[in-house]
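Each remark here refers to the structure printed beneath this line.
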Amino acid sequence: RVHEADIGALSQMPESLRIELHAQVYMSVLQTHPVFFHHRLQLCGRTDLAMVCHMAMSEATLLHGRELFTRGQRATAMAFAIQGDAEYQRRGCIDVVSAGDHVSEIALWMKWHHTGSLYAVEVCEMFLLDSEKFGAVMASSAVFKNYGRYARAYVSRWMSDSCGCSDTGPEFDVLQELAQRAFEDINFCMHRSGRPGFGRAYTSWWRSRGGSSTFSVYNACRDWLFSCKGN
């Protein structure tokens, strides 16, 4: 994979183009999580999440045997697995983390220290969502209260879950339910106002979940920059 840091000319692009570039790279992965999907459907969603992608998200490559985090370390980011397999080890148990999975969501909602360790078993690509930067972006969002509602419900469910406060967090169906409830007041208003597309968009997203992959945006951008340089 080509990373942003590999293309020095990207830092010279106008800020508005870099915001759009980061949205193209990260948005499709970010909104595979139910809470971000529901946010994306709101009137402010595209703008809010584009700034999250620009300000709070980054890439990480883990070589075989390298750790993303270890037990007892302060949790600072939520991680989305993009490519390759990793193993989450806790209390003698091992969970495989593969493309499409995420870990350490709890870092977004409360101060936390990891209860296990995550190691790459092959070369892995991760997208990281920095918790402090995410909070700074969302503090001015129109749906800040909805995130607060989701965070409280998530922490309550997570602490009582059978996973016992694992960094892997609750199952996807639980996240879907929590996100739906957190945004139900807005979704109800959308339905009453006749805004089209919500049901179709949700159904399409649900059916396609698991098959989505990040675009080779940096590859395309690199080729474009090289073509411009050649002219």
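The chains in the structure tokens are called A, B, ... from first to last as shown; in each chain the residues are counted from 1, and the ligands are counted from 1 in the order shown.
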Proximity check stretch 126-158 of chain A to stretch 55-78 of chain A, 6 Å, nearest pairs one decimal Å, only C-alpha atoms, as JSON lines:
{"residue": "A:Met126", "atom": "CA", "partner": "A:Ala60", "partner_atom": "CA", "distance": 5.1}
{"residue": "A:Phe127", "atom": "CA", "partner": "A:Glu59", "partner_atom": "CA", "distance": 4.7}
{"residue": "A:Leu128", "atom": "CA", "partner": "A:Ser58", "partner_atom": "CA", "distance": 5.3}
{"residue": "A:Leu129", "atom": "CA", "partner": "A:Met57", "partner_atom": "CA", "distance": 4.6}
{"residue": "A:Asp130", "atom": "CA", "partner": "A:Ala77", "partner_atom": "CA", "distance": 4.4}
{"residue": "A:Ser131", "atom": "CA", "partner": "A:Ala77", "partner_atom": "CA", "distance": 5.1}
{"residue": "A:Lys133", "atom": "CA", "partner": "A:Ala56", "partner_atom": "CA", "distance": 5.0}
{"residue": "A:Phe134", "atom": "CA", "partner": "A:Ala56", "partner_atom": "CA", "distance": 5.5}
For the structure I just gave you, how does DSSP split stretch 3-160 of chain A - specifically, which residues are helix (DSSP H, G or I)? Reply as a ChimeraX atom specification.
/A:4-6,8-12,15-30,34-40,45-56,105-108,131-138,144-160
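With only C-alpha atoms as the atoms that count, the minimum distance from A:Glu105 to the choices A:Ala182, A:Cys93, A:Val35, A:Val137 is reached by A:Val35.
For the pair atom CA of A:Gly100 and atom CA of A:Glu15, the separation is 29.2 Å.
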Listing only residues of stretch 96-197 of chain A within 10 Å of stretch 84-91 of chain A, what is the closest atom pair and its distance in Å (to one decimal) for each, using only C-alpha atoms, sorted by chain and residue number ascending, as CSV?
residue,atom,partner,partner_atom,distance
A:Val96,CA,A:Glu87,CA,4.7
A:Val97,CA,A:Ala86,CA,5.0
A:Ser98,CA,A:Asp85,CA,4.7
A:Ala99,CA,A:Gly84,CA,6.4
A:Asp101,CA,A:Asp85,CA,9.9
A:Val103,CA,A:Tyr88,CA,9.0
A:His114,CA,A:Arg90,CA,9.7
A:Thr115,CA,A:Arg90,CA,6.8
A:Gly116,CA,A:Arg90,CA,4.5
A:Ser117,CA,A:Gln89,CA,5.3
A:Leu118,CA,A:Tyr88,CA,4.4
A:Tyr119,CA,A:Glu87,CA,5.3
A:Ala120,CA,A:Ala86,CA,4.1
A:Val121,CA,A:Ala86,CA,5.2
A:Glu122,CA,A:Asp85,CA,6.1
A:Val123,CA,A:Gly84,CA,5.9
A:Cys124,CA,A:Gly84,CA,4.4
A:Glu125,CA,A:Gly84,CA,6.6
A:Met126,CA,A:Gly84,CA,9.0
A:Ser166,CA,A:Arg90,CA,7.9
A:Asp167,CA,A:Tyr88,CA,8.4
A:Thr168,CA,A:Tyr88,CA,8.0
Quick one: write out the picked residues with all heavy atoms as a compact mmCIF listing (two decimals), in the first residue's frame?
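Contents of the output file selection.txt:
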# COMPACT_ATOMS: atom_id res chain seq x y z
N VAL A 96 -8.86 -13.46 16.88
CA VAL A 96 -8.27 -13.01 15.62
C VAL A 96 -8.97 -11.73 15.17
O VAL A 96 -10.20 -11.66 15.14
CB VAL A 96 -8.39 -14.10 14.53
CG1 VAL A 96 -7.85 -13.58 13.20
CG2 VAL A 96 -7.65 -15.36 14.96
N VAL A 97 -8.17 -10.73 14.83
CA VAL A 97 -8.68 -9.46 14.33
C VAL A 97 -8.30 -9.39 12.85
O VAL A 97 -7.12 -9.37 12.50
CB VAL A 97 -8.08 -8.27 15.09
CG1 VAL A 97 -8.55 -6.95 14.50
CG2 VAL A 97 -8.45 -8.35 16.58
N SER A 98 -9.31 -9.36 11.98
CA SER A 98 -9.09 -9.38 10.53
C SER A 98 -9.69 -8.14 9.89
O SER A 98 -10.36 -7.34 10.55
CB SER A 98 -9.71 -10.64 9.91
OG SER A 98 -9.19 -11.81 10.51
N ALA A 99 -9.46 -8.00 8.59
CA ALA A 99 -9.99 -6.86 7.84
C ALA A 99 -11.50 -6.75 8.05
O ALA A 99 -12.23 -7.73 7.95
CB ALA A 99 -9.67 -7.01 6.36
N ASP A 101 -12.74 -5.70 10.99
CA ASP A 101 -12.93 -5.64 12.43
C ASP A 101 -12.39 -4.31 12.98
O ASP A 101 -11.63 -3.61 12.32
CB ASP A 101 -12.19 -6.79 13.12
CG ASP A 101 -12.75 -8.15 12.76
OD1 ASP A 101 -13.94 -8.23 12.43
OD2 ASP A 101 -11.98 -9.13 12.79
N VAL A 103 -11.10 -2.51 16.99
CA VAL A 103 -10.79 -2.74 18.40
C VAL A 103 -10.61 -1.41 19.10
O VAL A 103 -10.38 -0.38 18.47
CB VAL A 103 -9.50 -3.59 18.58
CG1 VAL A 103 -9.70 -5.01 18.06
CG2 VAL A 103 -8.31 -2.94 17.90
N HIS A 114 -5.52 -0.50 28.25
CA HIS A 114 -5.80 -1.77 27.58
C HIS A 114 -5.71 -2.95 28.55
O HIS A 114 -4.81 -3.01 29.38
CB HIS A 114 -4.83 -1.98 26.42
CG HIS A 114 -4.99 -0.98 25.32
ND1 HIS A 114 -6.10 -0.94 24.51
CD2 HIS A 114 -4.16 0.02 24.88
CE1 HIS A 114 -5.96 0.04 23.63
NE2 HIS A 114 -4.80 0.63 23.82
N THR A 115 -6.65 -3.87 28.40
CA THR A 115 -6.66 -5.07 29.24
C THR A 115 -6.03 -6.27 28.54
O THR A 115 -5.99 -7.36 29.10
CB THR A 115 -8.10 -5.42 29.66
OG1 THR A 115 -8.91 -5.58 28.47
CG2 THR A 115 -8.69 -4.31 30.51
N GLY A 116 -5.60 -6.07 27.32
CA GLY A 116 -4.93 -7.12 26.56
C GLY A 116 -3.93 -6.52 25.59
O GLY A 116 -3.67 -5.31 25.62
N SER A 117 -3.36 -7.34 24.73
CA SER A 117 -2.35 -6.89 23.78
C SER A 117 -2.75 -7.32 22.37
O SER A 117 -3.34 -8.39 22.18
CB SER A 117 -0.98 -7.49 24.12
OG SER A 117 -0.58 -7.14 25.44
N LEU A 118 -2.43 -6.48 21.39
CA LEU A 118 -2.74 -6.78 19.99
C LEU A 118 -1.45 -6.87 19.20
O LEU A 118 -0.68 -5.91 19.13
CB LEU A 118 -3.64 -5.69 19.40
CG LEU A 118 -4.14 -5.95 17.98
CD1 LEU A 118 -5.17 -7.08 17.98
CD2 LEU A 118 -4.74 -4.70 17.36
N TYR A 119 -1.20 -8.05 18.61
CA TYR A 119 0.02 -8.30 17.85
C TYR A 119 -0.33 -8.71 16.42
O TYR A 119 -1.30 -9.42 16.18
CB TYR A 119 0.83 -9.44 18.49
CG TYR A 119 1.38 -9.13 19.85
CD1 TYR A 119 0.64 -9.43 20.99
CD2 TYR A 119 2.63 -8.54 20.00
CE1 TYR A 119 1.15 -9.15 22.26
CE2 TYR A 119 3.14 -8.26 21.26
CZ TYR A 119 2.40 -8.56 22.38
OH TYR A 119 2.89 -8.28 23.63
N ALA A 120 0.49 -8.27 15.48
CA ALA A 120 0.32 -8.67 14.08
C ALA A 120 0.90 -10.06 13.87
O ALA A 120 2.01 -10.35 14.31
CB ALA A 120 1.01 -7.67 13.16
N VAL A 121 0.16 -10.93 13.19
CA VAL A 121 0.66 -12.26 12.85
C VAL A 121 1.13 -12.29 11.40
O VAL A 121 1.65 -13.31 10.91
CB VAL A 121 -0.39 -13.35 13.09
CG1 VAL A 121 -0.71 -13.43 14.58
CG2 VAL A 121 -1.65 -13.09 12.28
N GLU A 122 0.93 -11.20 10.69
CA GLU A 122 1.44 -10.96 9.35
C GLU A 122 1.45 -9.44 9.17
O GLU A 122 1.07 -8.71 10.07
CB GLU A 122 0.59 -11.65 8.29
CG GLU A 122 -0.87 -11.23 8.29
CD GLU A 122 -1.68 -11.98 7.25
OE1 GLU A 122 -1.09 -12.44 6.26
OE2 GLU A 122 -2.91 -12.10 7.44
N VAL A 123 1.89 -8.96 8.04
CA VAL A 123 1.88 -7.52 7.82
C VAL A 123 0.43 -7.03 7.85
O VAL A 123 -0.42 -7.54 7.11
CB VAL A 123 2.54 -7.15 6.49
CG1 VAL A 123 2.44 -5.65 6.24
CG2 VAL A 123 4.00 -7.59 6.47
N CYS A 124 0.16 -6.07 8.70
CA CYS A 124 -1.19 -5.56 8.89
C CYS A 124 -1.26 -4.06 8.60
O CYS A 124 -0.33 -3.32 8.91
CB CYS A 124 -1.66 -5.78 10.33
SG CYS A 124 -1.91 -7.50 10.78
N GLU A 125 -2.37 -3.66 8.03
CA GLU A 125 -2.66 -2.25 7.81
C GLU A 125 -3.83 -1.86 8.71
O GLU A 125 -4.85 -2.55 8.73
CB GLU A 125 -3.01 -1.97 6.35
CG GLU A 125 -1.90 -2.30 5.36
CD GLU A 125 -0.78 -1.25 5.37
OE1 GLU A 125 -0.99 -0.17 5.96
OE2 GLU A 125 0.28 -1.54 4.79
N MET A 126 -3.68 -0.76 9.42
CA MET A 126 -4.71 -0.27 10.33
C MET A 126 -5.00 1.20 10.06
O MET A 126 -4.09 1.96 9.69
CB MET A 126 -4.26 -0.42 11.80
CG MET A 126 -3.95 -1.83 12.24
SD MET A 126 -5.44 -2.67 12.80
CE MET A 126 -4.75 -4.24 13.37
N SER A 166 -13.28 -6.32 27.57
CA SER A 166 -12.23 -6.59 26.59
C SER A 166 -12.08 -5.40 25.65
O SER A 166 -13.05 -4.68 25.39
CB SER A 166 -12.59 -7.85 25.80
OG SER A 166 -11.80 -7.98 24.65
N ASP A 167 -10.88 -5.21 25.12
CA ASP A 167 -10.65 -4.15 24.15
C ASP A 167 -11.42 -4.38 22.85
O ASP A 167 -11.59 -3.45 22.06
CB ASP A 167 -9.16 -4.04 23.83
CG ASP A 167 -8.34 -3.55 25.02
OD1 ASP A 167 -8.49 -2.38 25.40
OD2 ASP A 167 -7.55 -4.35 25.56
N THR A 168 -11.87 -5.62 22.60
CA THR A 168 -12.60 -5.91 21.38
C THR A 168 -14.02 -5.35 21.42
O THR A 168 -14.59 -5.05 20.37
CB THR A 168 -12.66 -7.41 21.12
OG1 THR A 168 -13.24 -8.07 22.26
CG2 THR A 168 -11.26 -7.97 20.86
Go through stretch 42-106 of chain A and collect every residue that DSSP, computed from the backbone, puts in strand (DSSP E); the answer should be as a PyMOL selection string.
chain A and resi 57-62+67-69+77-83+86-90+93-97+102-103
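In this model, the gap between atom CA of A:Arg46 and atom CA of A:Met13 comes to 21.0 Å.
For the residues A:His113, A:Asp95, A:Phe36, A:Leu108, ranking by smallest atom-to-atom distance to A:Leu178 using only C-alpha atoms places A:Phe36 first.
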At a cut-off of 9 Å, using only C-alpha atoms, what residues contact A:Trp109? Leave out same-chain residues fewer than 2 positions from it and give the result as a ChimeraX atom specification.
/A:105-107,111-112,131,135,148,151-152,154-155
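Rounded to one decimal, atom CA of A:Ala142 and atom CA of A:Met159 lie 27.8 Å from each other.
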Taking only C-alpha atoms into account, name the residue in A:Met138, A:Ala79, A:Leu17, A:Val29 that is nearest to A:Val52.
A:Met138
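The shortest atom-to-atom distance to A:Thr47, with only C-alpha atoms taken into account, belongs to A:Met27 out of A:Ala153, A:Ile94, A:Met27, A:Ala136.
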